[in-house]
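**Q** Could you have a look at this structure, given as structure tokens, before my questions?
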Amino acid sequence: MNALISASELLSCLDDVQIFEVGAKTADAEQASHALASYQAGHIPHARYVDLMQFFCNQRTHLEYQHPNTEEMLASLEHFQVDPDRKIVIYDRDNHIWAARLWWLLYVFGFRNIAVLHGGFQVWQQHDYPLSSESYKTDVNVSYSYELTDPSAYFATLQDVLDIVEGRQSAQLINVLRAVVFSGEELRYARAGHIPKSINIPFAHFLDANGYFKTDISNFQANFGLDFQQSIVIYCGSGITASGAAFALMQSEVRNIKIYD
């Protein structure tokens with residue numbers, strides 16, 4: 001699967017695609033304000049701004065960034081008037097994980113003509129490509145019909161993870177947080193440490209020195225003991241970084257992947 005688009009490719013088709021900029025770390029009010037202000041100051045032309053705490057998420061829980069049900073997904077698609085027949089390009093200003101999260105959500109609900117900007121907003125700026133400060137305006141007279149698929153095959157439940165830990169289900173658990181968080185040396189979440197039987201592959205290993213997704217991850221088998229033939233369940237703190245890893249594995253033709261939000 002190749003769901004990456006270069007900045008030059010995007011430039012050549014700006015008027016023919018739907019573009020979304022995904023704000024980073026918007027569960028924090030200050031970060032949310034900063035992300036929106038950055039978008040308003042200058043973004044890729046025609047891009048619509050997405051806050052994953054407001055759209056394309058579960059509104060029925062106190063947990064951050066959880067995946068939506070079908071009704072919530074439909075509401076978000078309708079809000080942004082997403083055209084299911086036009087290509088979608090997604091980017092963020094961070095390290096791809098926010099763009100990858102929206103990509104994953106669209107993918108698991110049945111969208112296929114979707115791509116992530118390789119290198120993100122940074123590479124667009126490096127090429128000195130045009131920016132816009134105009135907010136995207138939807139056409140209130142247009143509506144679209146959506147045929148969404150069941151996303152459950154792409155998300156692991158708490159019971160799934162318990163079954164893996166207790167040996168009733170065969171799958172590999174991958175934790176993609178930094179090594180100090182995985183080990184419990186740094187308390188990043190409510191409790192220190194990791195789920196038993198987890199393999200730690202920090203997300204940084206999926207990117208090269210320039211911040212692009214690696215094209216070859218075959219060394220993951222030797223370095224981390226990862227078996228690409230087995231089912232894989234990926235988790236982090238909320239499902240965002242896990243989506244970046246899932247996206248990277250999908251580009252390398254690895255299948256049977258689920259995210260544990």
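Here's how to read the names in the structure tokens: chain A, B, ... by the order shown, residue numbers from 1 in each chain, ligand numbers from 1 in the order shown.
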Can you tell me, as an mmCIF file with N, CA and C atoms, in the first residue's frame, what residues are no more than 12 Å from Glu64 of chain A when counting only C-alpha atoms, ignoring any on the same chain fewer than 2 positions away?

**A**
```
data_model
loop_
_atom_site.group_PDB
_atom_site.id
_atom_site.type_symbol
_atom_site.label_atom_id
_atom_site.label_comp_id
_atom_site.auth_asym_id
_atom_site.auth_seq_id
_atom_site.Cartn_x
_atom_site.Cartn_y
_atom_site.Cartn_z
ATOM 1 N N LYS A 25 -2.254 17.598 19.825
ATOM 2 C CA LYS A 25 -2.361 17.717 21.285
ATOM 3 C C LYS A 25 -3.515 18.614 21.723
ATOM 4 N N THR A 26 -4.637 18.548 21.026
ATOM 5 C CA THR A 26 -5.736 19.471 21.282
ATOM 6 C C THR A 26 -6.551 19.124 22.520
ATOM 7 N N ALA A 27 -6.236 18.031 23.212
ATOM 8 C CA ALA A 27 -6.900 17.754 24.492
ATOM 9 C C ALA A 27 -6.514 18.786 25.538
ATOM 10 N N ASP A 28 -5.375 19.427 25.334
ATOM 11 C CA ASP A 28 -4.916 20.501 26.212
ATOM 12 C C ASP A 28 -5.372 21.835 25.623
ATOM 13 N N ASP A 51 -9.881 19.268 14.686
ATOM 14 C CA ASP A 51 -9.516 19.060 16.087
ATOM 15 C C ASP A 51 -10.080 17.695 16.479
ATOM 16 N N LEU A 52 -9.197 16.747 16.757
ATOM 17 C CA LEU A 52 -9.630 15.375 17.025
ATOM 18 C C LEU A 52 -10.288 15.193 18.387
ATOM 19 N N MET A 53 -10.401 16.251 19.154
ATOM 20 C CA MET A 53 -11.200 16.190 20.378
ATOM 21 C C MET A 53 -12.637 16.633 20.117
ATOM 22 N N GLN A 54 -12.870 17.227 18.956
ATOM 23 C CA GLN A 54 -14.207 17.710 18.617
ATOM 24 C C GLN A 54 -14.858 16.903 17.503
ATOM 25 N N PHE A 55 -14.034 16.376 16.602
ATOM 26 C CA PHE A 55 -14.558 15.656 15.455
ATOM 27 C C PHE A 55 -13.816 14.340 15.269
ATOM 28 N N PHE A 56 -14.480 13.386 14.603
ATOM 29 C CA PHE A 56 -13.906 12.076 14.322
ATOM 30 C C PHE A 56 -13.441 11.391 15.612
ATOM 31 N N CYS A 57 -14.229 11.554 16.677
ATOM 32 C CA CYS A 57 -13.856 10.963 17.959
ATOM 33 C C CYS A 57 -15.100 10.554 18.748
ATOM 34 N N ASN A 58 -14.880 9.807 19.797
ATOM 35 C CA ASN A 58 -15.934 9.356 20.708
ATOM 36 C C ASN A 58 -16.276 10.496 21.664
ATOM 37 N N GLN A 59 -17.502 10.950 21.608
ATOM 38 C CA GLN A 59 -17.944 12.043 22.470
ATOM 39 C C GLN A 59 -18.616 11.532 23.739
ATOM 40 N N ARG A 60 -18.578 10.208 23.949
ATOM 41 C CA ARG A 60 -19.315 9.612 25.068
ATOM 42 C C ARG A 60 -18.399 9.153 26.200
ATOM 43 N N THR A 61 -17.155 9.594 26.181
ATOM 44 C CA THR A 61 -16.190 9.134 27.179
ATOM 45 C C THR A 61 -15.315 10.289 27.634
ATOM 46 N N HIS A 62 -14.744 10.146 28.828
ATOM 47 C CA HIS A 62 -13.795 11.151 29.310
ATOM 48 C C HIS A 62 -12.390 10.893 28.756
ATOM 49 N N GLN A 66 -10.602 8.990 21.586
ATOM 50 C CA GLN A 66 -11.073 7.640 21.310
ATOM 51 C C GLN A 66 -11.838 7.582 19.990
ATOM 52 N N HIS A 67 -11.851 6.414 19.351
ATOM 53 C CA HIS A 67 -12.471 6.320 18.028
ATOM 54 C C HIS A 67 -13.988 6.441 18.112
ATOM 55 N N PRO A 68 -14.601 7.036 17.108
ATOM 56 C CA PRO A 68 -16.049 7.288 17.127
ATOM 57 C C PRO A 68 -16.854 6.045 16.766
ATOM 58 N N GLY A 237 -0.668 5.797 24.546
ATOM 59 C CA GLY A 237 -1.378 6.351 25.686
ATOM 60 C C GLY A 237 -2.841 6.607 25.396
ATOM 61 N N SER A 238 -3.153 6.821 24.111
ATOM 62 C CA SER A 238 -4.543 7.124 23.751
ATOM 63 C C SER A 238 -4.952 6.573 22.397
ATOM 64 N N GLY A 239 -4.002 6.142 21.602
ATOM 65 C CA GLY A 239 -4.303 5.627 20.271
ATOM 66 C C GLY A 239 -3.752 6.486 19.154
ATOM 67 N N ILE A 240 -3.224 7.661 19.466
ATOM 68 C CA ILE A 240 -2.718 8.562 18.427
ATOM 69 C C ILE A 240 -1.369 8.084 17.882
ATOM 70 N N ASP A 261 -7.163 1.447 21.617
ATOM 71 C CA ASP A 261 -7.282 2.828 22.096
ATOM 72 C C ASP A 261 -7.200 2.914 23.614
#
```

**Q** So that I can see what lies close to Ser133 of chain A, please list as a PyMOL selection string the residues with an atom at most 6 Å from it, counting only C-alpha atoms and leaving out residues fewer than 6 positions away in the same chain.

**A** chain A and resi 40-42

**Q** Find the distance between atom CA of Phe155 of chain A and atom CA of Tyr107 of chain A and write it in Å to one decimal.

**A** 12.1 Å

**Q** Give me, as a ChimeraX atom specification, the residues of segment 43-159 of chain A that a backbone DSSP run labels alpha helix (DSSP H).

**A** /A:70-79,97-108,120-126,158-159

**Q** Hey, which of A:Ile164, A:Leu207, A:Tyr212, A:Leu173 ends up closest to His194 of chain A? Count only C-alpha atoms.

**A**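 Result for the nearest residue to His194 of chain A: A:Leu173.
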
**Q** For each of A:Ser152, A:Asn2, A:Asn95, A:Asn223, take the minimum atom-to-atom distance to Val22 of chain A, counting only C-alpha atoms, then give the residue where this is smallest.

**A**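 Of A:Ser152, A:Asn2, A:Asn95, A:Asn223, the one nearest Val22 of chain A, counting only C-alpha atoms, is A:Asn95.
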